[in-house]
file upload_25.cif (mmCIF, C-alpha atoms)
data_model
#
loop_
_atom_site.label_atom_id
_atom_site.label_comp_id
_atom_site.auth_asym_id
_atom_site.auth_seq_id
_atom_site.Cartn_x
_atom_site.Cartn_y
_atom_site.Cartn_z
CA MET A 1 0.00 0.00 0.00
CA SER A 2 2.64 2.48 1.01
CA MET A 3 4.79 1.44 -1.96
CA SER A 4 1.99 1.94 -4.48
CA LEU A 5 1.13 5.27 -2.90
CA PHE A 6 4.77 6.31 -3.14
CA GLY A 7 4.85 5.18 -6.76
CA PHE A 8 1.72 7.17 -7.50
CA PHE A 9 3.26 10.41 -6.27
CA ARG A 10 6.68 9.73 -7.71
CA ASN A 11 5.42 9.19 -11.26
CA ARG A 12 3.27 12.30 -11.50
CA ASN A 13 5.23 15.48 -12.06
CA THR A 14 7.68 14.50 -14.74
CA ALA A 15 7.37 17.69 -16.84
CA PRO A 16 9.78 19.70 -14.61
CA VAL A 17 12.35 16.92 -15.06
CA ALA A 18 11.89 17.09 -18.85
CA ARG A 19 12.28 20.84 -18.75
CA GLU A 20 15.47 20.77 -16.73
CA ARG A 21 17.03 17.99 -18.81
CA LEU A 22 16.30 19.93 -22.00
CA GLN A 23 17.73 23.17 -20.65
CA ILE A 24 21.00 21.49 -19.67
CA LEU A 25 21.26 19.47 -22.87
CA LEU A 26 20.47 22.33 -25.22
CA ALA A 27 22.87 24.74 -23.54
CA HIS A 28 25.55 22.18 -24.31
CA GLU A 29 24.39 21.28 -27.83
CA ARG A 30 23.98 24.88 -28.94
CA ALA A 31 27.64 25.40 -28.14
CA LEU A 32 28.66 22.35 -30.16
CA VAL A 33 26.36 22.07 -33.16
CA GLY A 34 23.92 24.01 -35.32
CA GLY A 35 24.03 27.61 -36.38
CA GLY A 36 26.10 28.85 -33.51
CA SER A 37 28.89 26.37 -34.10
CA ASP A 38 30.71 28.21 -36.86
CA LEU A 39 30.66 31.52 -35.03
CA ALA A 40 31.68 29.95 -31.71
CA ALA A 41 34.59 28.19 -33.41
CA ILE A 42 35.78 31.38 -35.13
CA LEU A 43 35.52 33.36 -31.90
CA ARG A 44 37.36 30.68 -30.00
CA GLU A 45 40.26 30.68 -32.43
CA GLU A 46 40.60 34.44 -32.64
CA ILE A 47 40.28 35.01 -28.90
CA LEU A 48 42.91 32.33 -28.30
CA ALA A 49 45.26 33.98 -30.78
CA VAL A 50 44.98 37.33 -28.99
CA ILE A 51 45.59 35.83 -25.56
CA ALA A 52 48.45 33.66 -26.82
CA LYS A 53 50.34 36.85 -27.76
CA HIS A 54 50.67 37.63 -24.09
CA VAL A 55 50.18 34.45 -22.10
CA THR A 56 50.90 30.81 -22.73
CA ILE A 57 47.63 28.96 -22.30
CA ASP A 58 46.56 25.37 -22.49
CA GLN A 59 44.17 25.00 -25.45
CA GLU A 60 42.33 22.26 -23.61
CA LYS A 61 41.46 24.62 -20.78
CA VAL A 62 39.44 27.01 -22.90
CA GLN A 63 35.64 26.94 -23.03
CA VAL A 64 33.74 29.12 -25.47
CA LYS A 65 29.96 28.90 -25.24
CA LEU A 66 27.49 30.78 -27.38
CA GLU A 67 23.97 30.73 -25.99
CA ARG A 68 20.99 31.87 -28.00
CA GLY A 69 18.28 33.80 -26.21
CA GLY A 70 15.09 35.56 -27.23
CA SER A 71 16.36 39.14 -27.43
CA VAL A 72 19.99 38.71 -26.42
CA SER A 73 22.52 35.94 -26.86
CA THR A 74 25.44 35.51 -24.52
CA LEU A 75 29.01 34.57 -25.23
CA GLU A 76 30.65 32.83 -22.33
CA ILE A 77 34.43 32.50 -22.32
CA ASP A 78 36.13 30.48 -19.64
CA ILE A 79 39.92 30.33 -19.81
CA GLU A 80 42.07 28.79 -17.15
CA MET A 81 45.12 31.02 -16.79
CA PRO A 82 48.44 29.63 -15.65
CA GLY A 83 50.36 31.32 -12.81
CA LEU A 84 51.88 34.75 -13.48
CA ALA A 85 55.29 33.13 -13.90
CA ALA A 86 54.14 31.85 -17.29
CA ALA A 87 53.52 35.35 -18.62
CA LYS A 88 55.77 36.25 -21.52
CA MET B 1 3.84 40.24 -52.55
CA SER B 2 4.21 36.51 -52.22
CA LYS B 3 5.50 34.77 -49.15
CA VAL B 4 7.36 31.46 -48.95
CA LEU B 5 6.70 29.59 -45.75
CA VAL B 6 8.38 26.37 -44.63
CA VAL B 7 6.71 23.97 -42.23
CA THR B 8 9.54 22.15 -40.50
CA SER B 9 10.43 20.30 -37.29
CA GLY B 10 13.44 18.02 -37.51
CA LYS B 11 11.57 15.17 -35.87
CA GLY B 12 9.10 13.10 -37.85
CA GLY B 13 5.49 12.46 -36.91
CA VAL B 14 4.90 15.73 -35.06
CA GLY B 15 2.32 17.05 -37.54
CA LYS B 16 4.16 18.84 -40.36
CA THR B 17 1.99 17.46 -43.15
CA THR B 18 -1.27 17.88 -41.22
CA SER B 19 -0.25 21.46 -40.41
CA THR B 20 0.81 22.23 -44.00
CA ALA B 21 -2.57 21.02 -45.30
CA ALA B 22 -4.49 22.93 -42.62
CA ILE B 23 -2.53 26.18 -43.00
CA GLY B 24 -2.69 26.03 -46.79
CA ALA B 25 -6.43 25.35 -46.76
CA ALA B 26 -7.18 28.04 -44.17
CA LEU B 27 -5.17 30.64 -46.14
CA ALA B 28 -7.09 29.73 -49.30
CA GLN B 29 -10.40 29.90 -47.41
CA ALA B 30 -9.37 33.44 -46.45
CA GLY B 31 -9.20 34.29 -50.15
CA GLN B 32 -5.46 33.89 -50.73
CA LYS B 33 -3.88 32.11 -53.69
CA VAL B 34 -1.95 29.24 -52.13
CA VAL B 35 0.22 26.34 -53.24
CA VAL B 36 1.31 23.61 -50.86
CA VAL B 37 4.53 21.90 -51.95
CA ASP B 38 5.65 18.47 -50.76
CA PHE B 39 9.45 18.27 -50.39
CA ASP B 40 9.46 14.74 -48.99
CA VAL B 41 10.86 13.02 -52.08
CA GLY B 42 10.40 9.25 -51.94
CA LEU B 43 7.95 9.44 -49.05
CA ARG B 44 5.29 11.80 -50.28
CA ASN B 45 2.15 12.10 -48.18
CA LEU B 46 0.78 15.59 -48.58
CA ASP B 47 -1.21 14.37 -51.61
CA LEU B 48 -2.86 11.73 -49.43
CA VAL B 49 -3.66 14.08 -46.56
CA MET B 50 -5.10 16.56 -49.11
CA GLY B 51 -7.18 13.81 -50.76
CA ALA B 52 -5.49 14.26 -54.16
CA GLU B 53 -3.48 11.02 -54.32
CA ARG B 54 -5.27 9.77 -57.42
CA ARG B 55 -4.78 13.01 -59.30
CA VAL B 56 -0.97 13.17 -59.24
CA VAL B 57 0.42 12.90 -62.78
CA TYR B 58 3.53 15.07 -62.61
CA ASP B 59 5.47 16.07 -59.52
CA LEU B 60 8.11 18.50 -58.24
CA ILE B 61 10.99 16.42 -59.67
CA ASN B 62 9.39 16.36 -63.13
CA VAL B 63 9.18 20.15 -63.05
CA VAL B 64 12.74 20.50 -61.71
CA ASN B 65 14.02 18.24 -64.51
CA GLY B 66 11.97 19.97 -67.18
CA ASP B 67 9.92 16.83 -67.94
CA ALA B 68 6.73 18.75 -67.21
CA LYS B 69 5.65 22.36 -67.11
CA LEU B 70 4.72 23.78 -63.75
CA ALA B 71 1.11 24.29 -64.89
CA GLN B 72 0.86 20.57 -65.73
CA ALA B 73 2.09 19.50 -62.29
CA LEU B 74 -0.08 21.82 -60.19
CA ILE B 75 -3.17 20.06 -58.86
CA ARG B 76 -6.08 22.39 -58.12
CA ASP B 77 -8.11 21.52 -55.07
CA LYS B 78 -11.69 20.74 -56.06
CA ARG B 79 -13.18 21.95 -52.79
CA ILE B 80 -11.32 25.16 -52.00
CA GLU B 81 -10.92 27.92 -54.58
CA GLY B 82 -7.36 29.19 -54.89
CA LEU B 83 -5.65 26.15 -53.36
CA SER B 84 -3.16 24.06 -55.35
CA LEU B 85 -0.82 21.18 -54.60
CA LEU B 86 2.59 20.34 -56.01
CA ALA B 87 3.32 16.73 -55.09
CA ALA B 88 6.69 15.15 -54.38
CA SER B 89 7.96 12.20 -56.38
CA GLN B 90 7.30 8.81 -54.85
CA THR B 91 9.76 6.88 -57.01
CA ARG B 92 12.87 9.04 -57.13
CA ASP B 93 15.33 9.47 -54.32
CA LYS B 94 16.05 12.71 -52.51
CA ASP B 95 19.18 13.43 -54.56
CA ALA B 96 16.92 14.13 -57.54
CA LEU B 97 16.37 17.61 -56.08
CA THR B 98 18.98 20.25 -56.79
CA LEU B 99 19.29 23.75 -55.40
CA GLU B 100 19.24 25.26 -58.90
CA GLY B 101 16.10 23.34 -59.81
CA VAL B 102 14.30 24.19 -56.58
CA THR B 103 15.28 27.85 -56.92
CA ARG B 104 13.77 27.97 -60.41
CA VAL B 105 10.50 26.34 -59.30
CA ILE B 106 10.12 28.56 -56.23
CA GLU B 107 10.65 31.66 -58.42
CA GLN B 108 7.85 30.53 -60.73
CA LEU B 109 5.55 29.72 -57.80
CA ARG B 110 6.15 33.17 -56.28
CA GLU B 111 4.82 34.73 -59.48
CA LYS B 112 1.60 32.69 -59.42
CA PHE B 113 0.70 32.53 -55.73
CA ASP B 114 0.37 34.71 -52.64
CA TRP B 115 1.64 31.91 -50.40
CA VAL B 116 4.04 29.05 -51.15
CA VAL B 117 3.79 26.60 -48.24
CA CYS B 118 6.64 24.06 -48.25
CA ASP B 119 6.15 20.81 -46.34
CA SER B 120 9.62 19.77 -45.18
CA PRO B 121 10.71 16.16 -44.81
CA ALA B 122 11.86 15.07 -41.35
CA GLY B 123 15.59 15.07 -40.63
CA ILE B 124 18.30 17.62 -41.25
CA GLU B 125 19.52 16.42 -44.61
CA LYS B 126 19.30 17.71 -48.16
CA GLY B 127 15.51 17.54 -48.53
CA ALA B 128 14.92 19.47 -45.32
CA LEU B 129 17.61 22.02 -46.22
CA LEU B 130 16.14 22.58 -49.69
CA ALA B 131 12.63 22.95 -48.25
CA MET B 132 13.80 25.71 -45.89
CA TYR B 133 16.34 27.40 -48.17
CA HIS B 134 14.06 29.94 -49.88
CA ALA B 135 11.71 30.52 -46.96
CA ASP B 136 10.76 34.01 -45.80
CA LEU B 137 9.18 32.54 -42.69
CA ALA B 138 9.50 29.21 -40.87
CA VAL B 139 6.74 27.51 -38.92
CA VAL B 140 8.49 25.17 -36.47
CA VAL B 141 6.08 22.38 -35.52
CA THR B 142 6.82 20.99 -32.06
CA ASN B 143 5.17 18.51 -29.69
CA PRO B 144 5.48 19.13 -25.93
CA GLU B 145 7.92 16.27 -25.62
CA VAL B 146 11.70 16.17 -25.07
CA SER B 147 12.86 14.68 -28.37
CA SER B 148 10.66 16.98 -30.44
CA VAL B 149 11.86 20.09 -28.55
CA ARG B 150 15.48 19.06 -28.96
CA ASP B 151 15.08 18.51 -32.71
CA SER B 152 13.23 21.81 -33.10
CA ASP B 153 16.14 23.56 -31.40
CA ARG B 154 18.48 21.99 -33.93
CA ILE B 155 16.25 23.05 -36.84
CA ILE B 156 16.12 26.63 -35.50
CA GLY B 157 19.91 26.67 -35.57
CA MET B 158 19.86 25.55 -39.21
CA LEU B 159 17.22 28.11 -40.17
CA ASP B 160 19.55 30.77 -38.77
CA SER B 161 22.58 29.55 -40.72
CA LYS B 162 21.67 27.47 -43.77
CA THR B 163 18.96 29.49 -45.54
CA ALA B 164 19.21 32.10 -48.28
CA LYS B 165 18.07 34.74 -45.79
CA ALA B 166 20.78 33.76 -43.32
CA GLU B 167 23.40 33.77 -46.07
CA ARG B 168 22.35 37.32 -47.01
CA GLY B 169 22.85 38.29 -43.38
CA GLU B 170 19.12 38.85 -42.83
CA LYS B 171 17.15 37.65 -39.84
CA MET B 172 15.11 34.52 -40.49
CA GLU B 173 11.61 34.86 -39.06
CA LYS B 174 10.60 31.76 -37.09
CA VAL B 175 7.39 30.98 -35.25
CA LEU B 176 6.40 28.03 -33.06
CA LEU B 177 3.35 25.88 -33.68
CA LEU B 178 2.83 23.66 -30.67
CA THR B 179 0.81 20.60 -31.68
CA ARG B 180 -0.75 17.63 -29.86
CA TYR B 181 -1.02 19.74 -26.73
CA ASP B 182 -3.00 18.35 -23.81
CA GLN B 183 -3.82 21.17 -21.43
CA ALA B 184 -5.08 18.87 -18.67
CA ARG B 185 -1.88 16.81 -18.65
CA ALA B 186 0.28 19.96 -18.76
CA ALA B 187 -1.68 21.36 -15.79
CA ARG B 188 -1.03 18.14 -13.86
CA GLY B 189 2.71 18.44 -14.51
CA GLU B 190 2.74 15.42 -16.80
CA MET B 191 3.56 17.33 -19.97
CA LEU B 192 5.77 20.32 -20.81
CA LYS B 193 3.74 23.52 -20.65
CA VAL B 194 3.48 26.08 -23.44
CA GLU B 195 5.66 28.46 -21.39
CA ASP B 196 8.32 25.76 -20.90
CA VAL B 197 8.66 25.14 -24.62
CA LEU B 198 8.62 28.86 -25.39
CA GLU B 199 11.29 29.57 -22.83
CA ILE B 200 13.52 26.79 -24.14
CA LEU B 201 13.16 27.55 -27.85
CA SER B 202 12.91 31.37 -27.56
CA ILE B 203 10.81 31.97 -30.67
CA PRO B 204 7.36 33.62 -30.86
CA LEU B 205 4.25 31.47 -30.64
CA LEU B 206 2.05 31.10 -33.74
CA GLY B 207 -0.53 28.79 -32.19
CA ILE B 208 -1.39 25.89 -29.94
CA VAL B 209 -3.12 22.94 -31.56
CA PRO B 210 -4.74 20.65 -29.00
CA GLU B 211 -4.46 16.88 -29.22
CA SER B 212 -7.64 15.70 -30.92
CA GLU B 213 -9.25 12.67 -32.53
CA GLU B 214 -10.42 14.99 -35.29
CA VAL B 215 -6.91 15.14 -36.77
CA LEU B 216 -6.87 11.42 -37.59
CA ARG B 217 -10.43 11.65 -38.86
CA ALA B 218 -9.40 14.40 -41.28
CA SER B 219 -6.44 12.43 -42.65
CA ASN B 220 -8.61 9.31 -42.98
CA LEU B 221 -10.94 11.37 -45.17
CA GLY B 222 -8.17 13.13 -47.12
CA SER B 223 -9.49 16.51 -46.13
CA PRO B 224 -7.63 19.34 -44.35
CA ILE B 225 -9.07 19.65 -40.85
CA VAL B 226 -10.25 23.23 -41.45
CA LEU B 227 -12.45 21.79 -44.19
CA SER B 228 -13.53 18.44 -42.70
CA ASN B 229 -14.54 19.90 -39.36
CA PRO B 230 -14.04 23.67 -39.24
CA LEU B 231 -15.62 24.01 -35.80
CA SER B 232 -13.38 21.41 -34.14
CA ALA B 233 -10.75 22.59 -31.64
CA PRO B 234 -7.69 21.89 -33.86
CA ALA B 235 -9.38 23.54 -36.87
CA ARG B 236 -10.03 26.69 -34.83
CA ALA B 237 -6.41 26.66 -33.66
CA TYR B 238 -5.22 26.54 -37.28
CA GLN B 239 -7.68 29.27 -38.33
CA ASP B 240 -6.34 31.54 -35.57
CA ALA B 241 -2.74 30.71 -36.52
CA VAL B 242 -3.45 31.65 -40.14
CA ARG B 243 -5.02 34.96 -39.10
CA ARG B 244 -1.81 35.69 -37.17
CA LEU B 245 0.26 34.76 -40.23
CA GLN B 246 -1.73 37.37 -42.15
CA GLY B 247 -0.79 40.00 -39.61
CA GLU B 248 -3.94 40.03 -37.48
CA THR B 249 -3.68 40.21 -33.71
CA VAL B 250 -5.60 37.27 -32.29
CA THR B 251 -5.64 36.56 -28.57
CA MET B 252 -3.74 33.35 -27.82
CA HIS B 253 -5.84 30.59 -26.31
CA ILE B 254 -6.11 26.82 -26.49
CA PRO B 255 -9.36 25.89 -28.22
CA VAL B 256 -11.48 23.18 -26.58
CA GLU B 257 -14.09 20.97 -28.21
CA ARG B 258 -17.51 22.57 -28.12
CA LYS B 259 -20.08 19.96 -27.40
CA GLY B 260 -23.43 20.56 -29.04
CA ILE B 261 -26.72 19.38 -27.61
CA PHE B 262 -26.56 16.27 -29.76
CA ALA B 263 -23.04 15.35 -28.55
CA LYS B 264 -24.07 15.98 -24.95
CA PHE B 265 -27.10 13.78 -25.44
CA LEU B 266 -24.92 11.02 -26.89
CA SER B 267 -22.38 11.11 -24.08
CA TRP B 268 -25.22 11.08 -21.58
CA ARG B 269 -26.68 8.01 -23.28
CA VAL B 270 -23.32 6.25 -23.25
CA ALA B 271 -22.79 7.08 -19.61
#
call {"tool": "encode", "arguments": {"input": "upload_25.cif", "output": "structure tokens"}}
result
Amino acid sequence: MSMSLFGFFRNRNTAPVARERLQILLAHERALVGGGSDLAAILREEILAVIAKHVTIDQEKVQVKLERGGSVSTLEIDIEMPGLAAAK
Amino acid sequence: MSKVLVVTSGKGGVGKTTSTAAIGAALAQAGQKVVVVDFDVGLRNLDLVMGAERRVVYDLINVVNGDAKLAQALIRDKRIEGLSLLAASQTRDKDALTLEGVTRVIEQLREKFDWVVCDSPAGIEKGALLAMYHADLAVVVTNPEVSSVRDSDRIIGMLDSKTAKAERGEKMEKVLLLTRYDQARAARGEMLKVEDVLEILSIPLLGIVPESEEVLRASNLGSPIVLSNPLSAPARAYQDAVRRLQGETVTMHIPVERKGIFAKFLSWRVA
């Protein structure tokens, strides 16, 4: 009885789970594929080139994310910088 | 001035063909000159949903290849004045379509019609890309379900990058048509809500078509739903959507089935 009651409540509100899964997935996919991909790749390369003039950075530690929104889109750049000693 | 509209989704089975037939028919009922074009080469179905399957002699590929003139391939709807169909080929494969050929045909259709409504095949390959390429406006058909929303997001990305408008640096206009919506289930938290899908996809809403038995009934009969049962909930949703396409401001709501006295009597008898 208690198990079936638990199951009844547990199975109901699945839409919020769907919504959250989609938001996480699409934030990731928009950065990788589709229309934004070309622009994100170009930006990534050019930003890296500018930074590389001054600091040695690990290419693997650079994240460039382009997120599409209704009225504004955001460009998120996350670069892990080495210690100051590495500065040219 | 003519407008080319693509009905697209990425995912199959969400209601592209039903929506193309309904939108095309409702535009024609409003007095517009309309052609609905099936781009699903090898798997044509718009002819069947429109009830014209026995009248197809020449198709889009024949026109593209110059085997038939456009006028020979256009099938005039016998029920609605101003509505025509250009069928896809059932025997050829999708590579039979070329960008040059499609461009030529769309140019000719623009001269003859107020609206060119292109029914895209599912997927993100050549057929889907050609169907969207010349569009001025895209109707993205989505079900309130995770895989459909994901695929729509992908298609939106392609509309913004792989169309003639995008290549010219112009903004591609995209609107969402949410189909198979069940308001009761959404209210119970069992189905994504309209606001959830809108927030995720970030494009304006064209309309909400409720889940309804009438849709299958219409395709069984080979009649666009706005013709087979114009007072049904999905038909009213499509009629409202088409008024919005024509620039009217129509309050957004989810139509519900109106039960007449006869229907009430029947359900009472059954109960």
call {"tool": "resolve_selection", "arguments": {"input": "upload_25.cif", "expression": "the PyMOL selection byres ((chain B) within 7 of (chain A))", "output": "short mmCIF file (atom, residue, chain, number, x, y, z; two decimals) with C-alpha atoms, keeping the file's coordinate frame"}}
result
data_model
loop_
_atom_site.label_atom_id
_atom_site.label_comp_id
_atom_site.auth_asym_id
_atom_site.auth_seq_id
_atom_site.Cartn_x
_atom_site.Cartn_y
_atom_site.Cartn_z
CA VAL B 146 11.70 16.17 -25.07
CA ARG B 154 18.48 21.99 -33.93
CA GLY B 157 19.91 26.67 -35.57
CA MET B 158 19.86 25.55 -39.21
CA ASP B 160 19.55 30.77 -38.77
CA SER B 161 22.58 29.55 -40.72
CA GLY B 189 2.71 18.44 -14.51
CA GLU B 190 2.74 15.42 -16.80
CA MET B 191 3.56 17.33 -19.97
CA LEU B 192 5.77 20.32 -20.81
CA ASP B 196 8.32 25.76 -20.90
CA ILE B 200 13.52 26.79 -24.14
CA SER B 202 12.91 31.37 -27.56
CA ILE B 203 10.81 31.97 -30.67
#
call {"tool": "resolve_selection", "arguments": {"input": "upload_25.cif", "expression": "the PyMOL selection byres ((chain A and resi 58) around 10)", "output": "ChimeraX atom specification"}}
result
/A:48,52,55-57,59-62,79-82
call {"tool": "write_last_selection", "arguments": {"input": "upload_25.cif", "atoms": "C-alpha atoms", "output": "short mmCIF file (atom, residue, chain, number, x, y, z; two decimals), in the coordinates of the input"}}
result
data_model
loop_
_atom_site.label_atom_id
_atom_site.label_comp_id
_atom_site.auth_asym_id
_atom_site.auth_seq_id
_atom_site.Cartn_x
_atom_site.Cartn_y
_atom_site.Cartn_z
CA LEU A 48 42.91 32.33 -28.30
CA ALA A 52 48.45 33.66 -26.82
CA VAL A 55 50.18 34.45 -22.10
CA THR A 56 50.90 30.81 -22.73
CA ILE A 57 47.63 28.96 -22.30
CA GLN A 59 44.17 25.00 -25.45
CA GLU A 60 42.33 22.26 -23.61
CA LYS A 61 41.46 24.62 -20.78
CA VAL A 62 39.44 27.01 -22.90
CA ILE A 79 39.92 30.33 -19.81
CA GLU A 80 42.07 28.79 -17.15
CA MET A 81 45.12 31.02 -16.79
CA PRO A 82 48.44 29.63 -15.65
#
call {"tool": "resolve_selection", "arguments": {"input": "upload_25.cif", "expression": "the PyMOL selection byres ((chain B and resi 19) around 12)", "output": "CSV table (one decimal) with C-alpha atoms, keeping the file's coordinate frame"}}
result
chain,number,residue,atom,x,y,z
B,5,LEU,CA,6.7,29.6,-45.8
B,6,VAL,CA,8.4,26.4,-44.6
B,7,VAL,CA,6.7,24.0,-42.2
B,8,THR,CA,9.5,22.2,-40.5
B,9,SER,CA,10.4,20.3,-37.3
B,13,GLY,CA,5.5,12.5,-36.9
B,14,VAL,CA,4.9,15.7,-35.1
B,15,GLY,CA,2.3,17.0,-37.5
B,16,LYS,CA,4.2,18.8,-40.4
B,17,THR,CA,2.0,17.5,-43.2
B,18,THR,CA,-1.3,17.9,-41.2
B,20,THR,CA,0.8,22.2,-44.0
B,21,ALA,CA,-2.6,21.0,-45.3
B,22,ALA,CA,-4.5,22.9,-42.6
B,23,ILE,CA,-2.5,26.2,-43.0
B,24,GLY,CA,-2.7,26.0,-46.8
B,25,ALA,CA,-6.4,25.4,-46.8
B,26,ALA,CA,-7.2,28.0,-44.2
B,27,LEU,CA,-5.2,30.6,-46.1
B,36,VAL,CA,1.3,23.6,-50.9
B,46,LEU,CA,0.8,15.6,-48.6
B,49,VAL,CA,-3.7,14.1,-46.6
B,50,MET,CA,-5.1,16.6,-49.1
B,117,VAL,CA,3.8,26.6,-48.2
B,118,CYS,CA,6.6,24.1,-48.2
B,119,ASP,CA,6.2,20.8,-46.3
B,120,SER,CA,9.6,19.8,-45.2
B,139,VAL,CA,6.7,27.5,-38.9
B,140,VAL,CA,8.5,25.2,-36.5
B,141,VAL,CA,6.1,22.4,-35.5
B,142,THR,CA,6.8,21.0,-32.1
B,176,LEU,CA,6.4,28.0,-33.1
B,177,LEU,CA,3.4,25.9,-33.7
B,178,LEU,CA,2.8,23.7,-30.7
B,179,THR,CA,0.8,20.6,-31.7
B,180,ARG,CA,-0.8,17.6,-29.9
B,206,LEU,CA,2.0,31.1,-33.7
B,207,GLY,CA,-0.5,28.8,-32.2
B,208,ILE,CA,-1.4,25.9,-29.9
B,209,VAL,CA,-3.1,22.9,-31.6
B,215,VAL,CA,-6.9,15.1,-36.8
B,218,ALA,CA,-9.4,14.4,-41.3
B,219,SER,CA,-6.4,12.4,-42.6
B,223,SER,CA,-9.5,16.5,-46.1
B,224,PRO,CA,-7.6,19.3,-44.4
B,225,ILE,CA,-9.1,19.6,-40.8
B,226,VAL,CA,-10.2,23.2,-41.4
B,234,PRO,CA,-7.7,21.9,-33.9
B,235,ALA,CA,-9.4,23.5,-36.9
B,237,ALA,CA,-6.4,26.7,-33.7
B,238,TYR,CA,-5.2,26.5,-37.3
B,239,GLN,CA,-7.7,29.3,-38.3
B,241,ALA,CA,-2.7,30.7,-36.5
B,242,VAL,CA,-3.4,31.6,-40.1
call {"tool": "closest_residue", "arguments": {"input": "upload_25.cif", "among": "A:Ile24, A:Ser73, A:Gln63, A:Ala31", "to": "Ile47 of chain A", "atoms": "only C-alpha atoms"}}
result
A:Gln63
call {"tool": "residues_around", "arguments": {"input": "upload_25.cif", "residues": "Ala73 of chain B", "least_positions_apart": "5", "cutoff": "7 Å", "atoms": "all atoms listed in the file", "output": "compact mmCIF listing (two decimals) with C-alpha atoms, in the frame of the given file"}}
result
# COMPACT_ATOMS: atom_id res chain seq x y z
CA VAL B 57 0.42 12.90 -62.78
CA TYR B 58 3.53 15.07 -62.61
CA ASP B 59 5.47 16.07 -59.52
CA ALA B 68 6.73 18.75 -67.21
CA LEU B 86 2.59 20.34 -56.01
call {"tool": "atom_distance", "arguments": {"input": "upload_25.cif", "atom1": "atom CA of Ala128 of chain B", "atom2": "atom CA of Gly247 of chain B"}}
result
26.5 Å
call {"tool": "atom_distance", "arguments": {"input": "upload_25.cif", "atom1": "atom CA of Gly127 of chain B", "atom2": "atom CA of Glu199 of chain B"}}
result
28.7 Å
call {"tool": "axis_aligned_box", "arguments": {"input": "upload_25.cif", "around": "segment 75-81 of chain A", "padding_each_side": "5 Å", "output": "JSON"}}
result
{"center_x": 37.1, "center_y": 31.7, "center_z": -21.0, "size_x": 26.1, "size_y": 15.8, "size_z": 18.4}
call {"tool": "residues_around", "arguments": {"input": "upload_25.cif", "residues": "segment 69-71 of chain B", "least_positions_apart": "5", "cutoff": "9 Å", "atoms": "all atoms listed in the file", "output": "number ranges by chain"}}
result
B: 58-60, 62-64, 86, 105, 108-109
call {"tool": "residues_near_point", "arguments": {"input": "upload_25.cif", "point": "(16.7, 15.8, -62.5)", "cutoff": "7 Å", "atoms": "only C-alpha atoms", "output": "MDAnalysis selection string"}}
result
chainID B and resid 61 64:65 96:97
call {"tool": "atom_distance", "arguments": {"input": "upload_25.cif", "atom1": "atom CA of Asp114 of chain B", "atom2": "atom CA of Gly31 of chain B"}}
result
9.9 Å
